[in-house]
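Q: Here's a structure for you.
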Amino acid sequence: MEILTQLSKKKLITKRKEQVELSQSILDTFEQKRIGIFESPTGTGKTLAFMSAVVEFCLKNSANKVIISTSSKQLQSQMVQEIEKISKVKDLSNFRYVIVKGKSNYLLRKKIEENLKRCLNQKNCEIYKKLLKAADQVDGDIELLSDEIIEQVNSIAPEMLESLRTPVRLPISETDYALKVREQAEKANLIIVNHSLFLCYNLLLQKESNPFFKTFAYESETLPEDRSISVIIDEAHTLENVAQRLFAKETAIREILFVAEHLLKTVSSVKSNTKFVMEYGKIKEYIENIANKARKEKVEYIHITKDKINFDPVVKLISTYIESFKIFGKRIMSLIPKNDDFINLKEKASKINEIINVIYNILRENKPIKSHCYLITFSPEKKYPSFAVITPRIGGAMHNVLVNFDSIVLLSGTLRDPDKDNIDNDADRFKIIRTRLAIDSLIPKRKEGFSINARVFQGFDLKKLATVYVYPEGPYPPKLNEEKNKDKDYRELLKKEYLLPQKERILSILKNSKKALILTTAHYETEFYREMLMNISDKTIITYPDNGSSLIQKVEEFKNSDSAVFITASAWEGLDAKIDTLIISKLPFASPNDPYYIAYHENEKNYFQSYLSEKDAQIRANLREHMKREFDTFIKFRQGLGRAIRGGDDYCNIHILDPRAYEPKYYQKFLLNTYKVAEVKQRIEESSKSVSSSVVDI
């Protein structure tokens, strides 16, 4: 590859054989209009490899166009950096790229102008003028507006900025900023999107007619309708999970009450509508009864099934409440004025009404929908519960993606099952990858002679690059479902029994480190570590989330610091910064009560019950859920370890505080297979603080 060769000559990169081969394989896939499936370990330069292939492909023919779909904003930022690097050795004056978001992520300029014309308050007029100026500078991208501007706009009226978004159902031709982005995308050689928008785009290309899914298609109208585009799906292993979470229907009670309260305040005809006010009061009382009952019973999630409706007192209360709320939902819809001022409110109310109807069918009319699982989630921090109708079985998601385009590359650091990582035969390896992505059944749908190019690339020789420390003596994180935890706050328990006892160990580790990354599994863990280290460490402590700054800004701050500790639960993948120490607080298992996995289990059980007994279906569903949880944890863990090694000259000490990593079932899967080491030496050593650990020489 010419670009990689030139970058190497200018000493901008260290050229690696695997990186060159990956880049060439992607270019060949595009030119031959095939499907490419490539696994390349984290830190081996995937981003630069595929970006080099994209640039060469587009510069060969100006008509060539590529979409790159990725899982995070951090990875999008990394792509831009790689393009800038390539521009130092290649003339990119004829190469155009754009980052595109969904339609509702952009402001509607004409709405701001209308508000300005009607504005009578001088101070508010000045705010609208500032907003117009700021919006023009960022093409109406709400996320790029400053916190100061957002605060000023919302001072005019609560949620004012929300009312200025481009409505999803507004035709793209009637928008302004969103239309401008669409025009940029039509002219660009490279379009960068996230997985959610890419999945919506597939619905747009399919001319989806289902009313619920059609809303997602509208969101993607910022992209040109063109099937001849070549596609790269980066971090392809996450696409299925993104689809499953994206197409779930959910609403929070606070959102329902917001719509109703907004009407009570803004629509004069409602104020004198005694029936509506009475219904509102009745619904609010029902909700508070449900929430109080749930808190008293220590309920976090209610998984609705026909059996539970008859026996669970909380669900009985909810089923009664739903009937009243169905009437209330219709009243909300009928009272919203039809003018443009209320278009966003009507969209929100429409979504709520649709979810209510699904719930109503399940609870009151005894019409469960086989493809859905209904959950009510109670959070200790929130006053009211949330409703969710989750669709975990998105069988056609990957199929639709692969059928829509002539050429597509699926790229990831992990596409295979970790239990089969020791397979040497390439044909068997490819079969595992193809099975994982459900690709074999697609071949008949493609044109004759269609073929798949699949390859597993080798990573660095990690024996020379990292030492992994595990601590088998504990402490162990408490289990969420243990009987002894029932009456305790789990966060306090975790802090007392697991995090606080790690204090001396962490300080000892950080003593010999200049740039350290601590990966946590929840934001409250991040906050605890920040409080613990803030006054006793001589290093700059950087956390995310914190003070409203974006993850990208925090990463840049960390990169520019001479001596720092970066603590976050949000950078298990996508973070590209040189570190000498990586601390993994806990193995990243999902909560036992995670509604996503509960819903996944229910749908698997429904599927197996179509041809198995209820008992056997339950056993199969339990196994599938366990495999799903473990595979997702392995993927996240492996991505996290990838933060340690970003290049062939790096060296990093990796400390895994969770003693479960030393247990045989996880040690084999998470450590040996992750590092692909044939022989591992183990020994117990004493650190400077007399903290014992097992050292794995990689």
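Every chain in the structure tokens has a letter given in the order shown (A, B, ...), and although residue numbers restart at 1 in each chain, ligands are simply numbered from 1 in the order shown.
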Within 12 Å of region 218-220 of chain A, counting only C-alpha atoms, which residues qualify if same-chain residues fewer than 3 places away don't, as a ChimeraX atom specification?

A: /A:100-106,166-173,178-179,181-182,185,193-205,207-209,211-215,223-225

Q: Using N, CA and C atoms, can you write the selected residues to a file as a compact mmCIF listing (two decimals), in the first residue's frame?

A:
```txt
# COMPACT_ATOMS: atom_id res chain seq x y z
N VAL A 100 -21.83 12.47 9.57
CA VAL A 100 -23.28 12.71 9.46
C VAL A 100 -24.01 12.10 10.66
N LYS A 101 -24.98 12.85 11.16
CA LYS A 101 -25.82 12.38 12.28
C LYS A 101 -27.27 12.32 11.82
N GLY A 102 -28.13 11.76 12.67
CA GLY A 102 -29.55 11.66 12.35
C GLY A 102 -30.20 13.04 12.28
N LYS A 103 -31.30 13.11 11.58
CA LYS A 103 -31.98 14.38 11.31
C LYS A 103 -32.28 15.19 12.58
N SER A 104 -32.75 14.53 13.61
CA SER A 104 -33.17 15.24 14.82
C SER A 104 -32.00 15.76 15.65
N ASN A 105 -30.77 15.47 15.24
CA ASN A 105 -29.59 16.00 15.92
C ASN A 105 -29.26 17.42 15.47
N TYR A 106 -30.01 17.93 14.50
CA TYR A 106 -29.75 19.27 13.96
C TYR A 106 -30.91 20.21 14.29
N THR A 166 -34.89 19.66 14.59
CA THR A 166 -35.60 19.29 13.36
C THR A 166 -36.49 18.09 13.65
N PRO A 167 -37.81 18.20 13.45
CA PRO A 167 -38.70 17.06 13.69
C PRO A 167 -38.36 15.89 12.76
N VAL A 168 -38.37 14.69 13.31
CA VAL A 168 -37.98 13.50 12.55
C VAL A 168 -38.85 13.32 11.31
N ARG A 169 -40.15 13.59 11.43
CA ARG A 169 -41.07 13.32 10.32
C ARG A 169 -41.14 14.47 9.31
N LEU A 170 -40.45 15.55 9.58
CA LEU A 170 -40.44 16.66 8.62
C LEU A 170 -39.64 16.23 7.39
N PRO A 171 -40.22 16.32 6.17
CA PRO A 171 -39.48 15.91 4.96
C PRO A 171 -38.13 16.62 4.86
N ILE A 172 -37.12 15.91 4.42
CA ILE A 172 -35.77 16.48 4.37
C ILE A 172 -35.71 17.73 3.51
N SER A 173 -36.56 17.81 2.48
CA SER A 173 -36.58 18.97 1.59
C SER A 173 -37.07 20.23 2.29
N ALA A 178 -30.21 20.22 8.33
CA ALA A 178 -30.18 18.79 7.98
C ALA A 178 -30.04 18.60 6.47
N LEU A 179 -30.71 19.44 5.71
CA LEU A 179 -30.61 19.37 4.25
C LEU A 179 -29.19 19.72 3.78
N VAL A 181 -26.44 19.21 5.44
CA VAL A 181 -25.60 18.05 5.73
C VAL A 181 -25.82 16.96 4.68
N ARG A 182 -27.08 16.76 4.28
CA ARG A 182 -27.41 15.78 3.24
C ARG A 182 -26.67 16.14 1.94
N ALA A 185 -23.09 15.27 2.21
CA ALA A 185 -22.92 13.82 2.12
C ALA A 185 -22.98 13.35 0.67
N VAL A 193 -20.53 7.58 9.97
CA VAL A 193 -21.76 7.55 10.76
C VAL A 193 -21.56 6.61 11.95
N ASN A 194 -22.51 6.62 12.89
CA ASN A 194 -22.48 5.61 13.95
C ASN A 194 -23.39 4.44 13.56
N HIS A 195 -23.28 3.35 14.32
CA HIS A 195 -24.04 2.13 13.98
C HIS A 195 -25.55 2.37 13.97
N SER A 196 -26.03 3.18 14.90
CA SER A 196 -27.48 3.42 14.99
C SER A 196 -28.00 4.06 13.71
N LEU A 197 -27.31 5.10 13.25
CA LEU A 197 -27.76 5.77 12.03
C LEU A 197 -27.62 4.84 10.82
N PHE A 198 -26.58 4.03 10.80
CA PHE A 198 -26.38 3.10 9.69
C PHE A 198 -27.53 2.08 9.61
N LEU A 199 -27.97 1.58 10.76
CA LEU A 199 -29.09 0.64 10.78
C LEU A 199 -30.38 1.33 10.33
N CYS A 200 -30.56 2.58 10.73
CA CYS A 200 -31.72 3.35 10.27
C CYS A 200 -31.67 3.54 8.75
N TYR A 201 -30.46 3.76 8.25
CA TYR A 201 -30.26 3.97 6.81
C TYR A 201 -30.68 2.73 6.01
N ASN A 202 -30.43 1.56 6.57
CA ASN A 202 -30.87 0.33 5.90
C ASN A 202 -32.38 0.26 5.79
N LEU A 203 -33.07 0.74 6.81
CA LEU A 203 -34.54 0.79 6.76
C LEU A 203 -35.01 1.77 5.69
N LEU A 204 -34.27 2.86 5.52
CA LEU A 204 -34.61 3.85 4.49
C LEU A 204 -34.46 3.22 3.10
N LEU A 205 -33.37 2.49 2.89
CA LEU A 205 -33.13 1.86 1.59
C LEU A 205 -34.16 0.77 1.29
N LYS A 207 -37.21 0.93 2.08
CA LYS A 207 -38.54 1.55 2.00
C LYS A 207 -39.47 0.92 3.03
N GLU A 208 -38.99 0.88 4.27
CA GLU A 208 -39.72 0.25 5.37
C GLU A 208 -41.11 0.85 5.51
N SER A 209 -42.14 -0.01 5.61
CA SER A 209 -43.53 0.46 5.68
C SER A 209 -44.11 0.39 7.09
N PRO A 211 -45.03 1.39 10.56
CA PRO A 211 -45.04 2.76 11.10
C PRO A 211 -43.96 3.01 12.15
N PHE A 212 -43.73 2.03 13.05
CA PHE A 212 -42.73 2.24 14.09
C PHE A 212 -41.32 2.34 13.50
N PHE A 213 -40.97 1.39 12.64
CA PHE A 213 -39.63 1.39 12.06
C PHE A 213 -39.45 2.52 11.05
N LYS A 214 -40.55 2.99 10.48
CA LYS A 214 -40.47 4.07 9.50
C LYS A 214 -39.89 5.34 10.14
N THR A 215 -40.18 5.53 11.42
CA THR A 215 -39.63 6.69 12.14
C THR A 215 -38.11 6.67 12.11
N LEU A 223 -28.72 11.04 4.89
CA LEU A 223 -27.81 10.26 4.03
C LEU A 223 -28.41 10.09 2.64
N PRO A 224 -27.58 10.10 1.59
CA PRO A 224 -28.09 9.91 0.22
C PRO A 224 -28.55 8.47 0.01
N GLU A 225 -29.65 8.28 -0.72
CA GLU A 225 -30.16 6.93 -0.98
C GLU A 225 -29.39 6.34 -2.16
```

Q: Identify, on the basis of only C-alpha atoms, every residue whose closest approach to region 508-522 of chain A does not exceed 6 Å; exclude the query and any residue fewer than 4 positions from it along the same chain; express the result as a list in words.

A: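 After dropping sequence-adjacent residues, the list is Ser563, Ala564, Val565, Phe566, Ile567, Thr568, Ala569, Ile579, Asp580, Thr581, Leu582, Ile583, Ile584, Ser585 and Pro588 of chain A.
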
Q: Running DSSP on the backbone, which parts of region 202-241 of chain A land in strand (DSSP E), as a ChimeraX atom specification?

A: /A:230-234

Q: With only C-alpha atoms as the atoms that count, which of A:Thr29, A:Ser561, A:Asn535, A:Thr44 lies nearest to Arg16 (chain A)?

A: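 Of A:Thr29, A:Ser561, A:Asn535, A:Thr44, the one nearest Arg16 (chain A) is A:Thr44, counting only C-alpha atoms.
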
Q: Need to verify the contact set: Lys495 (chain A), 10 Å, only C-alpha atoms, exclusion of same-chain residues closer than 4 positions in sequence. Can you return it as a list in words?

A: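 Counting only C-alpha atoms, the residues come to Pro477, Pro478, Tyr490, Arg491, Leu499, Leu500, Pro501, Gln502, Tyr524, Glu525, Phe528 and Tyr529 of chain A.
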
Q: Compile the contact shell of Ala577 (chain A) as a PyMOL selection string: residues with an atom at most 9 Å away, counting only C-alpha atoms, same-chain residues fewer than 6 positions apart removed.

A: chain A and resi 555-556+558-559+643-644+646

Q: Return the single residue from A:Leu410, A:Val80, A:Leu551, A:Leu132 that is closest to Phe38 (chain A), with distances computed using only C-alpha atoms.

A: A:Leu410

Q: Using only C-alpha atoms, find the one residue out of A:Val242, A:Val66, A:Ile542, A:Ile112 that sits nearest to Ser228 (chain A).

A: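 The answer is A:Val66, which sits nearest to Ser228 (chain A).
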
Q: For each of A:Glu625, A:Glu148, A:Glu39, A:Glu113, take the minimum atom-to-atom distance to His601 (chain A), counting only C-alpha atoms, then give the residue where this is smallest.

A: A:Glu625

Q: Counting only C-alpha atoms, which of A:Ile150, A:Leu246, A:Tyr611, A:Ile13 gets nearest to Lys85 (chain A)?

A: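 Among the listed residues, A:Ile13 lies closest to Lys85 (chain A).
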